[in-house]
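**Q** Can you keep this structure in mind? I'll have questions shortly.
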Amino acid sequence: MTAVGIDAMEIWVGNLELDLPGTFAPAQGEDPGKYTKGLGLHSSSFPDSYEDIVTMGANAAHRLMDRKGLEPEDIGRIDVATESAFDNSKPVSTYIAGCLEQVYEGDFHHANKGERKFACISGTQSVNDAFNWIKSGRSRGRSALVIATDTALYARDDPGEATQGAGAVAMLISEDPSLVELSTEQGFGSADETDFLKPQQQFPSVDGKRSMQVYLARMREALEDYEAIAEDIHPDSFAYIPFHTPFPGMVRKAALLAYRHTSRDTDVEDSLAEEIGRQPRESEFEDRESYEDAVREYTDALAETETYQSWYEAVVEPTLSISREVGNWYTGSVHIARASALRHAYQNDVDLEGKTLGVGSYGSGAQAEVHAEYVQSGWREEIEAMNVEEQLDSRYDLTFEEYETIHDAHNHDLDTDIEALTTPENEFVFDGWGRMGERQYSYVE
Ligand code: CAA
């Protein structure tokens, strides 16, 4: 069977940066440790006044197409995943195609375009749609462009403000991919939840603490569903586990539960038995409450073991490096976690070809998906070609006052006209409104 998966990816980071412990925490009267140690974040990326989900998505896609030597005719599908769309009818993919057509000779008139919504998981769902389209034999040898793009802003003084971010990930989904092949096995955990939503409003209504519980519950459900169809899984089955990363502290919690779950009835549980005992089994307890207390106690002890900590350092920590510097990118978040892991392998000369990644995607509302990905022979060249450090390092460092102004500039309810803080170069920019209220874009050399 032909392998289908991610052939290449590129990211586009918002051009502004907010230093969380250095600038945001003091202005909020908070301890910087909440950001660096608690949430695990150093900075957030923000869009300048001329940037939005279309420019960031089009810029990431442009880099990707140029690097891979692609023309519009090579693309049979453009799917955009976002939870920051500004139009209930016209999809962001048409705006992005319009941008790209300004810089290529051909056009995307024969490409199927759409927009996916299911909070942060829609990026992975769009990758799945592209995978299915190719596997079904409908692609005519063409590739799909999947773009996950978001401006993840919260209302000022909402606790979520600490986890904001903005950026886009463009992925090329093809036969015989260079980066990763996707598994056909998937596990889902999905339920009607009211934890994070945007009912006809720009900034989310969030029950933050509950959203974390829902993330863990749905991820566990997805893992169990995945186990039901995949071979027995073990903590060492995966070279890296990129999770959806709203902030690294969330992944720290998810990883510990995943480790406990996948190490049950394995040599890992046996080898830890002397140090922390065996995992509690519900049948050994009189009631659910005492069982849950025992599980909590075991989990806390597990977190302190050298065995767990060295696994976490090797398998999960490397997935968090980009997220720490950019915050939450919603639909793009799990995809930058994958990029962080592969970048870590590249920088440390890890031989990754043929190894498996376990990918845990999540979207509020709520749904989790677990699937595997198999690293392909071209992964090293693909990762080497990305310019992540350059983009991170060239961001403009915001003062708190500038942050307040830029937040207002992106607030749809305010009419704020501000001077850009950076000068665009070789990129698409927002340059005003058309006669039907559409947003207009141009390419700046
Ligand atoms: N030193 C070290 N650690 C500190 C600290 C300090 N000085 N101060 C606080 N901390 C720790 C806290 O103990 C806490 O860690 P634990 O959870 O491990 O106890 C962590 O830092 C955060 O502190 P708080 O809980 O006090 O933070 P908060 O109440 O301001 O809110 C939040 C945190 C609920 C995550 C909030 O940022 C939020 O609402 N975020 C948006 C929702 C979200 O991201 N949910 C995640 C799951 S849903 C999802 O994944 C979808 C999505 O993308 C949105």
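So you can find residues: chains in the structure tokens are A, B, ... in the order shown, residues in each start at 1, and ligands are numbered from 1 in order.
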Can you tell me, as JSON, numbers by chain, what residues are no more than 9 Å from A:Ala420 when counting only C-alpha atoms, ignoring any on the same chain fewer than 6 positions away?

**A** {"A": [48, 49, 50]}

**Q** Just all heavy atoms for this one: save the residues we selected as a PDB file, in the first residue's frame.

**A**
```
ATOM      1  N   ASP A  48       1.501  41.519  14.016  1.00  0.00           N
ATOM      2  CA  ASP A  48       1.554  42.977  13.901  1.00  0.00           C
ATOM      3  C   ASP A  48       0.234  43.442  13.267  1.00  0.00           C
ATOM      4  O   ASP A  48      -0.604  42.629  12.862  1.00  0.00           O
ATOM      5  CB  ASP A  48       2.775  43.387  13.054  1.00  0.00           C
ATOM      6  CG  ASP A  48       3.227  44.798  13.391  1.00  0.00           C
ATOM      7  OD1 ASP A  48       2.419  45.573  13.937  1.00  0.00           O
ATOM      8  OD2 ASP A  48       4.391  45.141  13.101  1.00  0.00           O
ATOM      9  N   SER A  49       0.079  44.750  13.134  1.00  0.00           N
ATOM     10  CA  SER A  49      -1.234  45.266  12.694  1.00  0.00           C
ATOM     11  C   SER A  49      -1.577  44.840  11.270  1.00  0.00           C
ATOM     12  O   SER A  49      -2.746  44.785  10.914  1.00  0.00           O
ATOM     13  CB  SER A  49      -1.258  46.785  12.816  1.00  0.00           C
ATOM     14  OG  SER A  49      -0.188  47.318  12.079  1.00  0.00           O
ATOM     15  N   TYR A  50      -0.572  44.520  10.445  1.00  0.00           N
ATOM     16  CA  TYR A  50      -0.834  44.118   9.057  1.00  0.00           C
ATOM     17  C   TYR A  50      -0.926  42.590   8.907  1.00  0.00           C
ATOM     18  O   TYR A  50      -1.014  42.078   7.801  1.00  0.00           O
ATOM     19  CB  TYR A  50       0.260  44.680   8.118  1.00  0.00           C
ATOM     20  CG  TYR A  50       1.663  44.263   8.518  1.00  0.00           C
ATOM     21  CD1 TYR A  50       2.198  43.040   8.130  1.00  0.00           C
ATOM     22  CD2 TYR A  50       2.454  45.098   9.310  1.00  0.00           C
ATOM     23  CE1 TYR A  50       3.463  42.648   8.507  1.00  0.00           C
ATOM     24  CE2 TYR A  50       3.719  44.719   9.706  1.00  0.00           C
ATOM     25  CZ  TYR A  50       4.221  43.494   9.295  1.00  0.00           C
ATOM     26  OH  TYR A  50       5.477  43.101   9.685  1.00  0.00           O
TER      27      TYR A  50
END
```

**Q** Give the helix (DSSP H, G or I) residues of stretch 190-257 of chain A, as assigned by DSSP on the backbone, as an MDAnalysis selection string.

**A** chainID A and resid 208:229 235:237 248:257

**Q** Hey, which residues sit close to ligand 1? Say within 9 Å, counting only C-alpha atoms and all ligand atoms, and write them as an MDAnalysis selection string.

**A** chainID A and resid 30:40 119:121 152 154 158:164 195:196 204 206:216 244:247 249:250 252:253 328:331 333 362:366

**Q** Dump as JSON lines the rows for residues of stretch 111-197 of chain A within 8 Å of stretch 373-388 of chain A: closest atom pair and distance in Å with one decimal, only C-alpha atoms counted, ordered by chain and rising residue number.

**A**
```
{"residue": "A:Pro177", "atom": "CA", "partner": "A:Gln376", "partner_atom": "CA", "distance": 7.1}
{"residue": "A:Ser178", "atom": "CA", "partner": "A:Gly378", "partner_atom": "CA", "distance": 4.4}
{"residue": "A:Leu179", "atom": "CA", "partner": "A:Trp379", "partner_atom": "CA", "distance": 4.4}
{"residue": "A:Val180", "atom": "CA", "partner": "A:Val375", "partner_atom": "CA", "distance": 4.5}
{"residue": "A:Glu181", "atom": "CA", "partner": "A:Tyr374", "partner_atom": "CA", "distance": 5.0}
{"residue": "A:Leu182", "atom": "CA", "partner": "A:Glu373", "partner_atom": "CA", "distance": 4.6}
{"residue": "A:Ser183", "atom": "CA", "partner": "A:Glu373", "partner_atom": "CA", "distance": 5.7}
```

**Q** Tell me which of A:Asp265, A:Asp408, A:Asp417, A:Glu115 sits closest to A:His234, counting only C-alpha atoms.

**A**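 Between A:Asp265, A:Asp408, A:Asp417, A:Glu115, the residue approaching A:His234 most closely is A:Asp265.
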
**Q** Considering only C-alpha atoms, can you say which of A:Ile75, A:Ala314, A:Gly106, A:Asp270 comes closest to A:Val350?

**A**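 Closest to A:Val350, using only C-alpha atoms: A:Ala314.
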
**Q** Go through A:Val4, A:Ile173, A:Ala368, A:Ala166 one by one, measure the shortest atom-to-atom distance of each to A:Ala254 using only C-alpha atoms, and give the residue with the smallest value.

**A**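 Checking each of A:Val4, A:Ile173, A:Ala368, A:Ala166 against A:Ala254, counting only C-alpha atoms, the winner is A:Ala368.
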
**Q** Please identify all polymer residues within 9 Å of A:Gly98, counting only C-alpha atoms, omitting same-chain residues fewer than 6 positions from it, and present them as a list of chain:residue names.

**A**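 Close residues of A:Gly98: A:Asp107, A:Phe108, A:Tyr441.
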
**Q** Export all heavy atoms of the chosen residues as a PDB file, in the first residue's frame?

**A**
```pdb
ATOM      1  N   ASP A 107      -3.086  29.161 -11.331  1.00  0.00           N
ATOM      2  CA  ASP A 107      -4.116  29.428 -10.322  1.00  0.00           C
ATOM      3  C   ASP A 107      -4.599  28.127  -9.685  1.00  0.00           C
ATOM      4  O   ASP A 107      -4.204  27.042 -10.097  1.00  0.00           O
ATOM      5  CB  ASP A 107      -5.291  30.205 -10.934  1.00  0.00           C
ATOM      6  CG  ASP A 107      -5.948  29.436 -12.049  1.00  0.00           C
ATOM      7  OD1 ASP A 107      -6.308  28.256 -11.820  1.00  0.00           O
ATOM      8  OD2 ASP A 107      -6.099  29.973 -13.168  1.00  0.00           O
ATOM      9  N   PHE A 108      -5.446  28.276  -8.685  1.00  0.00           N
ATOM     10  CA  PHE A 108      -5.963  27.113  -7.939  1.00  0.00           C
ATOM     11  C   PHE A 108      -7.426  26.844  -8.297  1.00  0.00           C
ATOM     12  O   PHE A 108      -8.174  26.339  -7.466  1.00  0.00           O
ATOM     13  CB  PHE A 108      -5.852  27.376  -6.430  1.00  0.00           C
ATOM     14  CG  PHE A 108      -4.453  27.519  -5.913  1.00  0.00           C
ATOM     15  CD1 PHE A 108      -3.883  28.773  -5.758  1.00  0.00           C
ATOM     16  CD2 PHE A 108      -3.689  26.403  -5.576  1.00  0.00           C
ATOM     17  CE1 PHE A 108      -2.598  28.916  -5.261  1.00  0.00           C
ATOM     18  CE2 PHE A 108      -2.408  26.531  -5.078  1.00  0.00           C
ATOM     19  CZ  PHE A 108      -1.859  27.798  -4.928  1.00  0.00           C
ATOM     20  N   TYR A 441      -5.649  41.883   0.528  1.00  0.00           N
ATOM     21  CA  TYR A 441      -4.253  41.555   0.816  1.00  0.00           C
ATOM     22  C   TYR A 441      -3.359  41.875  -0.367  1.00  0.00           C
ATOM     23  O   TYR A 441      -3.802  41.832  -1.516  1.00  0.00           O
ATOM     24  CB  TYR A 441      -4.142  40.052   1.134  1.00  0.00           C
ATOM     25  CG  TYR A 441      -4.966  39.682   2.342  1.00  0.00           C
ATOM     26  CD1 TYR A 441      -6.295  39.253   2.205  1.00  0.00           C
ATOM     27  CD2 TYR A 441      -4.445  39.821   3.623  1.00  0.00           C
ATOM     28  CE1 TYR A 441      -7.072  38.960   3.309  1.00  0.00           C
ATOM     29  CE2 TYR A 441      -5.220  39.525   4.740  1.00  0.00           C
ATOM     30  CZ  TYR A 441      -6.520  39.090   4.580  1.00  0.00           C
ATOM     31  OH  TYR A 441      -7.279  38.814   5.675  1.00  0.00           O
TER      32      TYR A 441
END
```

**Q** What's around stretch 143-150 of chain A at 6 Å? Count only C-alpha atoms, leave out sequence neighbours fewer than 5 positions away in its own chain, and write the answer as a PDB file with N, CA, C and O atoms, in the first residue's frame.

**A**
```
ATOM      1  N   ILE A  53      -4.856  35.838  10.238  1.00  0.00           N
ATOM      2  CA  ILE A  53      -4.789  34.396   9.932  1.00  0.00           C
ATOM      3  C   ILE A  53      -4.540  34.136   8.449  1.00  0.00           C
ATOM      4  O   ILE A  53      -3.926  33.142   8.089  1.00  0.00           O
ATOM      5  N   GLY A  57      -1.079  32.348   7.239  1.00  0.00           N
ATOM      6  CA  GLY A  57      -1.286  31.085   6.518  1.00  0.00           C
ATOM      7  C   GLY A  57      -0.701  31.148   5.116  1.00  0.00           C
ATOM      8  O   GLY A  57      -0.033  30.204   4.653  1.00  0.00           O
ATOM      9  N   ILE A  75      -1.324  21.328  -6.691  1.00  0.00           N
ATOM     10  CA  ILE A  75      -2.141  21.255  -5.474  1.00  0.00           C
ATOM     11  C   ILE A  75      -3.597  20.977  -5.847  1.00  0.00           C
ATOM     12  O   ILE A  75      -4.220  21.754  -6.572  1.00  0.00           O
ATOM     13  N   GLY A  76      -4.159  19.888  -5.320  1.00  0.00           N
ATOM     14  CA  GLY A  76      -5.549  19.529  -5.647  1.00  0.00           C
ATOM     15  C   GLY A  76      -6.541  19.923  -4.564  1.00  0.00           C
ATOM     16  O   GLY A  76      -7.758  19.750  -4.728  1.00  0.00           O
ATOM     17  N   ARG A  77      -6.029  20.418  -3.450  1.00  0.00           N
ATOM     18  CA  ARG A  77      -6.890  20.686  -2.295  1.00  0.00           C
ATOM     19  C   ARG A  77      -6.220  21.694  -1.383  1.00  0.00           C
ATOM     20  O   ARG A  77      -5.018  21.567  -1.123  1.00  0.00           O
ATOM     21  N   ILE A  78      -6.987  22.666  -0.924  1.00  0.00           N
ATOM     22  CA  ILE A  78      -6.464  23.567   0.118  1.00  0.00           C
ATOM     23  C   ILE A  78      -7.474  23.573   1.259  1.00  0.00           C
ATOM     24  O   ILE A  78      -8.611  24.004   1.090  1.00  0.00           O
ATOM     25  N   ASP A  79      -7.056  23.039   2.390  1.00  0.00           N
ATOM     26  CA  ASP A  79      -7.927  23.022   3.567  1.00  0.00           C
ATOM     27  C   ASP A  79      -7.318  23.892   4.641  1.00  0.00           C
ATOM     28  O   ASP A  79      -6.148  23.735   4.980  1.00  0.00           O
ATOM     29  N   VAL A  80      -8.132  24.786   5.179  1.00  0.00           N
ATOM     30  CA  VAL A  80      -7.656  25.624   6.271  1.00  0.00           C
ATOM     31  C   VAL A  80      -8.379  25.219   7.550  1.00  0.00           C
ATOM     32  O   VAL A  80      -9.599  25.067   7.568  1.00  0.00           O
ATOM     33  N   ALA A  81      -7.596  25.016   8.580  1.00  0.00           N
ATOM     34  CA  ALA A  81      -8.157  24.741   9.909  1.00  0.00           C
ATOM     35  C   ALA A  81      -7.939  25.985  10.745  1.00  0.00           C
ATOM     36  O   ALA A  81      -6.825  26.506  10.811  1.00  0.00           O
ATOM     37  N   THR A  82      -9.002  26.486  11.337  1.00  0.00           N
ATOM     38  CA  THR A  82      -8.862  27.686  12.168  1.00  0.00           C
ATOM     39  C   THR A  82     -10.030  27.786  13.124  1.00  0.00           C
ATOM     40  O   THR A  82     -11.121  27.282  12.844  1.00  0.00           O
ATOM     41  N   SER A  84     -10.284  31.012  14.334  1.00  0.00           N
ATOM     42  CA  SER A  84     -10.264  32.480  14.375  1.00  0.00           C
ATOM     43  C   SER A  84     -10.854  33.070  13.094  1.00  0.00           C
ATOM     44  O   SER A  84     -10.510  34.194  12.717  1.00  0.00           O
ATOM     45  N   GLY A 123      -6.969  21.016  12.825  1.00  0.00           N
ATOM     46  CA  GLY A 123      -5.744  20.902  12.016  1.00  0.00           C
ATOM     47  C   GLY A 123      -5.484  19.442  11.689  1.00  0.00           C
ATOM     48  O   GLY A 123      -5.234  19.072  10.528  1.00  0.00           O
ATOM     49  N   ALA A 130      -7.206  15.087   4.022  1.00  0.00           N
ATOM     50  CA  ALA A 130      -6.285  15.031   2.877  1.00  0.00           C
ATOM     51  C   ALA A 130      -5.784  13.600   2.682  1.00  0.00           C
ATOM     52  O   ALA A 130      -5.698  13.098   1.543  1.00  0.00           O
ATOM     53  N   ALA A 166       0.122  33.395  18.256  1.00  0.00           N
ATOM     54  CA  ALA A 166      -0.387  33.562  16.894  1.00  0.00           C
ATOM     55  C   ALA A 166       0.625  33.032  15.900  1.00  0.00           C
ATOM     56  O   ALA A 166       1.816  33.350  15.981  1.00  0.00           O
ATOM     57  N   GLY A 167       0.136  32.223  14.961  1.00  0.00           N
ATOM     58  CA  GLY A 167       1.023  31.699  13.935  1.00  0.00           C
ATOM     59  C   GLY A 167       0.307  30.696  13.065  1.00  0.00           C
ATOM     60  O   GLY A 167      -0.865  30.368  13.313  1.00  0.00           O
ATOM     61  N   ALA A 168       1.002  30.242  12.047  1.00  0.00           N
ATOM     62  CA  ALA A 168       0.410  29.296  11.094  1.00  0.00           C
ATOM     63  C   ALA A 168       1.390  28.176  10.775  1.00  0.00           C
ATOM     64  O   ALA A 168       2.605  28.373  10.808  1.00  0.00           O
ATOM     65  N   VAL A 169       0.814  27.017  10.469  1.00  0.00           N
ATOM     66  CA  VAL A 169       1.604  25.872  10.024  1.00  0.00           C
ATOM     67  C   VAL A 169       1.035  25.445   8.674  1.00  0.00           C
ATOM     68  O   VAL A 169      -0.185  25.270   8.549  1.00  0.00           O
ATOM     69  N   ALA A 170       1.899  25.317   7.677  1.00  0.00           N
ATOM     70  CA  ALA A 170       1.447  24.800   6.372  1.00  0.00           C
ATOM     71  C   ALA A 170       2.058  23.418   6.182  1.00  0.00           C
ATOM     72  O   ALA A 170       3.254  23.224   6.440  1.00  0.00           O
ATOM     73  N   MET A 171       1.229  22.467   5.768  1.00  0.00           N
ATOM     74  CA  MET A 171       1.715  21.099   5.584  1.00  0.00           C
ATOM     75  C   MET A 171       1.313  20.593   4.201  1.00  0.00           C
ATOM     76  O   MET A 171       0.188  20.827   3.750  1.00  0.00           O
ATOM     77  N   LEU A 172       2.231  19.899   3.570  1.00  0.00           N
ATOM     78  CA  LEU A 172       1.947  19.309   2.267  1.00  0.00           C
ATOM     79  C   LEU A 172       1.681  17.825   2.486  1.00  0.00           C
ATOM     80  O   LEU A 172       2.534  17.116   3.026  1.00  0.00           O
ATOM     81  N   ILE A 173       0.481  17.370   2.109  1.00  0.00           N
ATOM     82  CA  ILE A 173       0.122  15.964   2.317  1.00  0.00           C
ATOM     83  C   ILE A 173       0.200  15.272   0.953  1.00  0.00           C
ATOM     84  O   ILE A 173      -0.462  15.685   0.000  1.00  0.00           O
ATOM     85  N   SER A 174       1.029  14.228   0.894  1.00  0.00           N
ATOM     86  CA  SER A 174       1.324  13.599  -0.401  1.00  0.00           C
ATOM     87  C   SER A 174       1.505  12.097  -0.254  1.00  0.00           C
ATOM     88  O   SER A 174       1.673  11.590   0.852  1.00  0.00           O
ATOM     89  N   TRP A 329      -1.034  28.033  19.600  1.00  0.00           N
ATOM     90  CA  TRP A 329      -1.436  28.329  18.216  1.00  0.00           C
ATOM     91  C   TRP A 329      -2.713  27.565  17.864  1.00  0.00           C
ATOM     92  O   TRP A 329      -3.007  27.352  16.691  1.00  0.00           O
ATOM     93  N   THR A 331      -5.039  25.453  16.368  1.00  0.00           N
ATOM     94  CA  THR A 331      -5.027  24.366  15.364  1.00  0.00           C
ATOM     95  C   THR A 331      -3.613  23.942  14.981  1.00  0.00           C
ATOM     96  O   THR A 331      -3.387  22.809  14.563  1.00  0.00           O
ATOM     97  N   GLY A 332      -2.654  24.875  15.109  1.00  0.00           N
ATOM     98  CA  GLY A 332      -1.282  24.552  14.702  1.00  0.00           C
ATOM     99  C   GLY A 332      -0.470  23.930  15.828  1.00  0.00           C
ATOM    100  O   GLY A 332       0.641  23.427  15.600  1.00  0.00           O
TER     101      GLY A 332
END
```

**Q** Kindly indicate which residue among A:Pro91, A:Pro242, A:Pro318, A:Gly327 lies nearest to A:Glu17, using only C-alpha atoms for the distances.

**A**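 Distance minimum relative to A:Glu17 lands on A:Gly327.
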
**Q** Identify all residues of stretch 112-225 of chain A in strand (DSSP E or B) (DSSP on the backbone) and supply them as a VMD selection string.

**A** chain A and resid 112 to 116 118 120 143 to 152 165 to 175 180 to 190 196 to 197 205 to 206

**Q** Could those residues be written to a file, using N, CA and C atoms, as a compact mmCIF listing (two decimals), in the first residue's frame?

**A**
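Resulting contents of part_36.txt:
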```txt
# COMPACT_ATOMS: atom_id res chain seq x y z
N ASN A 112 -9.93 21.84 -4.73
CA ASN A 112 -11.07 21.85 -3.80
C ASN A 112 -10.64 22.61 -2.53
N LYS A 113 -11.47 23.56 -2.11
CA LYS A 113 -11.06 24.36 -0.94
C LYS A 113 -12.12 24.27 0.16
N GLY A 114 -11.65 24.33 1.38
CA GLY A 114 -12.61 24.27 2.48
C GLY A 114 -12.05 24.85 3.75
N GLU A 115 -12.87 24.77 4.78
CA GLU A 115 -12.44 25.26 6.10
C GLU A 115 -13.00 24.31 7.15
N ARG A 116 -12.17 23.91 8.07
CA ARG A 116 -12.54 22.93 9.08
C ARG A 116 -12.66 23.60 10.44
N PHE A 118 -13.23 22.49 14.44
CA PHE A 118 -13.49 21.78 15.69
C PHE A 118 -12.35 22.18 16.62
N CYS A 120 -9.11 23.18 18.38
CA CYS A 120 -7.73 22.95 17.97
C CYS A 120 -7.53 21.66 17.18
N SER A 143 -1.08 16.91 -4.64
CA SER A 143 -0.94 16.95 -3.18
C SER A 143 -1.99 17.88 -2.58
N ALA A 144 -2.15 17.79 -1.27
CA ALA A 144 -3.06 18.69 -0.55
C ALA A 144 -2.25 19.65 0.29
N LEU A 145 -2.72 20.87 0.34
CA LEU A 145 -2.11 21.86 1.20
C LEU A 145 -3.04 22.02 2.41
N VAL A 146 -2.51 21.72 3.59
CA VAL A 146 -3.30 21.90 4.82
C VAL A 146 -2.66 23.05 5.60
N ILE A 147 -3.47 24.02 5.96
CA ILE A 147 -2.95 25.19 6.67
C ILE A 147 -3.71 25.37 7.98
N ALA A 148 -2.98 25.30 9.08
CA ALA A 148 -3.58 25.52 10.40
C ALA A 148 -3.14 26.91 10.84
N THR A 149 -4.09 27.84 10.99
CA THR A 149 -3.71 29.22 11.27
C THR A 149 -4.64 29.84 12.31
N ASP A 150 -4.07 30.47 13.31
CA ASP A 150 -4.90 31.06 14.36
C ASP A 150 -4.23 32.27 15.01
N THR A 151 -5.10 33.16 15.44
CA THR A 151 -4.68 34.24 16.34
C THR A 151 -5.39 33.91 17.65
N ALA A 152 -4.65 33.30 18.56
CA ALA A 152 -5.26 32.80 19.79
C ALA A 152 -5.21 33.89 20.86
N GLY A 165 -1.15 33.31 21.66
CA GLY A 165 -0.13 33.06 20.64
C GLY A 165 -0.72 33.29 19.27
N ALA A 166 0.12 33.39 18.26
CA ALA A 166 -0.39 33.56 16.89
C ALA A 166 0.62 33.03 15.90
N GLY A 167 0.14 32.22 14.96
CA GLY A 167 1.02 31.70 13.94
C GLY A 167 0.31 30.70 13.06
N ALA A 168 1.00 30.24 12.05
CA ALA A 168 0.41 29.30 11.09
C ALA A 168 1.39 28.18 10.77
N VAL A 169 0.81 27.02 10.47
CA VAL A 169 1.60 25.87 10.02
C VAL A 169 1.03 25.45 8.67
N ALA A 170 1.90 25.32 7.68
CA ALA A 170 1.45 24.80 6.37
C ALA A 170 2.06 23.42 6.18
N MET A 171 1.23 22.47 5.77
CA MET A 171 1.71 21.10 5.58
C MET A 171 1.31 20.59 4.20
N LEU A 172 2.23 19.90 3.57
CA LEU A 172 1.95 19.31 2.27
C LEU A 172 1.68 17.83 2.49
N ILE A 173 0.48 17.37 2.11
CA ILE A 173 0.12 15.96 2.32
C ILE A 173 0.20 15.27 0.95
N SER A 174 1.03 14.23 0.89
CA SER A 174 1.32 13.60 -0.40
C SER A 174 1.51 12.10 -0.25
N GLU A 175 1.55 11.46 -1.43
CA GLU A 175 1.99 10.05 -1.46
C GLU A 175 3.50 10.03 -1.27
N VAL A 180 6.75 12.24 7.48
CA VAL A 180 6.13 11.16 8.24
C VAL A 180 4.98 10.54 7.46
N GLU A 181 4.85 9.22 7.60
CA GLU A 181 3.68 8.52 7.07
C GLU A 181 2.66 8.43 8.21
N LEU A 182 1.38 8.58 7.89
CA LEU A 182 0.34 8.48 8.93
C LEU A 182 -0.15 7.05 9.05
N SER A 183 -0.44 6.63 10.28
CA SER A 183 -1.00 5.29 10.48
C SER A 183 -2.47 5.29 10.05
N THR A 184 -2.98 4.12 9.68
CA THR A 184 -4.41 4.03 9.40
C THR A 184 -5.19 3.90 10.71
N GLU A 185 -4.52 3.42 11.76
CA GLU A 185 -5.20 3.28 13.05
C GLU A 185 -5.34 4.64 13.73
N GLN A 186 -6.55 4.90 14.22
CA GLN A 186 -6.80 6.14 14.98
C GLN A 186 -7.65 5.79 16.18
N GLY A 187 -7.44 6.50 17.28
CA GLY A 187 -8.33 6.35 18.43
C GLY A 187 -8.98 7.69 18.71
N PHE A 188 -10.28 7.67 19.01
CA PHE A 188 -11.01 8.91 19.29
C PHE A 188 -11.61 8.91 20.69
N GLY A 189 -11.65 10.09 21.30
CA GLY A 189 -12.38 10.31 22.55
C GLY A 189 -13.16 11.60 22.36
N SER A 190 -14.48 11.51 22.28
CA SER A 190 -15.26 12.67 21.86
C SER A 190 -16.54 12.76 22.67
N PHE A 196 -14.84 25.35 26.60
CA PHE A 196 -14.18 26.45 25.88
C PHE A 196 -14.97 26.63 24.59
N LEU A 197 -15.54 27.80 24.38
CA LEU A 197 -16.35 28.01 23.18
C LEU A 197 -16.39 29.49 22.82
N SER A 205 -15.12 32.05 25.66
CA SER A 205 -15.60 31.85 27.02
C SER A 205 -14.93 30.57 27.49
N VAL A 206 -14.20 30.65 28.58
CA VAL A 206 -13.41 29.48 29.01
C VAL A 206 -13.64 29.17 30.47
```

**Q** Can you work out which one of A:Thr356, A:Leu41, A:His412, A:Pro248 has the shortest atom-to-atom distance to A:Ala85, counting only C-alpha atoms?

**A**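 Closest to A:Ala85 of all the choices is A:His412.
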
**Q** Tell me which protein, DNA and RNA residues are within 7 Å of A:Gln440, counting only C-alpha atoms, leaving out same-chain ones fewer than 2 positions away, and put them as a ChimeraX atom specification.

**A** /A:430-434,438

**Q** Mind writing the picked residues with all heavy atoms as a JSON list (two decimals), in the first residue's frame?

**A**
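What landed in again-v1.json:
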```json
[["chain", "number", "residue", "atom", "x", "y", "z"],
["A", 430, "PHE", "N", -2.14, 42.46, 5.16],
["A", 430, "PHE", "CA", -3.52, 42.96, 5.10],
["A", 430, "PHE", "C", -3.43, 44.42, 4.70],
["A", 430, "PHE", "O", -2.68, 45.18, 5.32],
["A", 430, "PHE", "CB", -4.17, 42.80, 6.48],
["A", 430, "PHE", "CG", -5.44, 43.57, 6.64],
["A", 430, "PHE", "CD1", -6.57, 43.25, 5.89],
["A", 430, "PHE", "CD2", -5.52, 44.65, 7.52],
["A", 430, "PHE", "CE1", -7.75, 43.97, 6.02],
["A", 430, "PHE", "CE2", -6.69, 45.37, 7.66],
["A", 430, "PHE", "CZ", -7.81, 45.03, 6.91],
["A", 431, "ASP", "N", -4.17, 44.84, 3.68],
["A", 431, "ASP", "CA", -4.06, 46.26, 3.33],
["A", 431, "ASP", "C", -5.41, 46.95, 3.12],
["A", 431, "ASP", "O", -5.53, 47.84, 2.29],
["A", 431, "ASP", "CB", -3.08, 46.49, 2.17],
["A", 431, "ASP", "CG", -3.60, 45.97, 0.86],
["A", 431, "ASP", "OD1", -4.74, 45.47, 0.84],
["A", 431, "ASP", "OD2", -2.88, 46.08, -0.15],
["A", 432, "GLY", "N", -6.42, 46.55, 3.87],
["A", 432, "GLY", "CA", -7.65, 47.33, 3.85],
["A", 432, "GLY", "C", -8.88, 46.51, 3.50],
["A", 432, "GLY", "O", -8.80, 45.29, 3.32],
["A", 433, "TRP", "N", -10.01, 47.21, 3.41],
["A", 433, "TRP", "CA", -11.29, 46.56, 3.24],
["A", 433, "TRP", "C", -11.84, 46.82, 1.85],
["A", 433, "TRP", "O", -11.67, 47.91, 1.30],
["A", 433, "TRP", "CB", -12.28, 47.10, 4.27],
["A", 433, "TRP", "CG", -11.79, 46.91, 5.68],
["A", 433, "TRP", "CD1", -11.01, 47.78, 6.39],
["A", 433, "TRP", "CD2", -12.00, 45.78, 6.51],
["A", 433, "TRP", "NE1", -10.73, 47.25, 7.63],
["A", 433, "TRP", "CE2", -11.34, 46.02, 7.73],
["A", 433, "TRP", "CE3", -12.70, 44.57, 6.35],
["A", 433, "TRP", "CZ2", -11.34, 45.11, 8.78],
["A", 433, "TRP", "CZ3", -12.71, 43.68, 7.40],
["A", 433, "TRP", "CH2", -12.03, 43.93, 8.60],
["A", 434, "GLY", "N", -12.54, 45.84, 1.29],
["A", 434, "GLY", "CA", -13.16, 46.00, -0.02],
["A", 434, "GLY", "C", -14.60, 46.48, 0.11],
["A", 434, "GLY", "O", -15.12, 46.66, 1.22],
["A", 438, "GLU", "N", -15.04, 42.73, 2.53],
["A", 438, "GLU", "CA", -14.01, 41.68, 2.51],
["A", 438, "GLU", "C", -12.65, 42.26, 2.88],
["A", 438, "GLU", "O", -12.39, 43.44, 2.66],
["A", 438, "GLU", "CB", -13.94, 41.01, 1.13],
["A", 438, "GLU", "CG", -13.27, 41.78, 0.01],
["A", 438, "GLU", "CD", -14.20, 42.79, -0.69],
["A", 438, "GLU", "OE1", -15.21, 43.18, -0.08],
["A", 438, "GLU", "OE2", -13.87, 43.20, -1.81]]
```
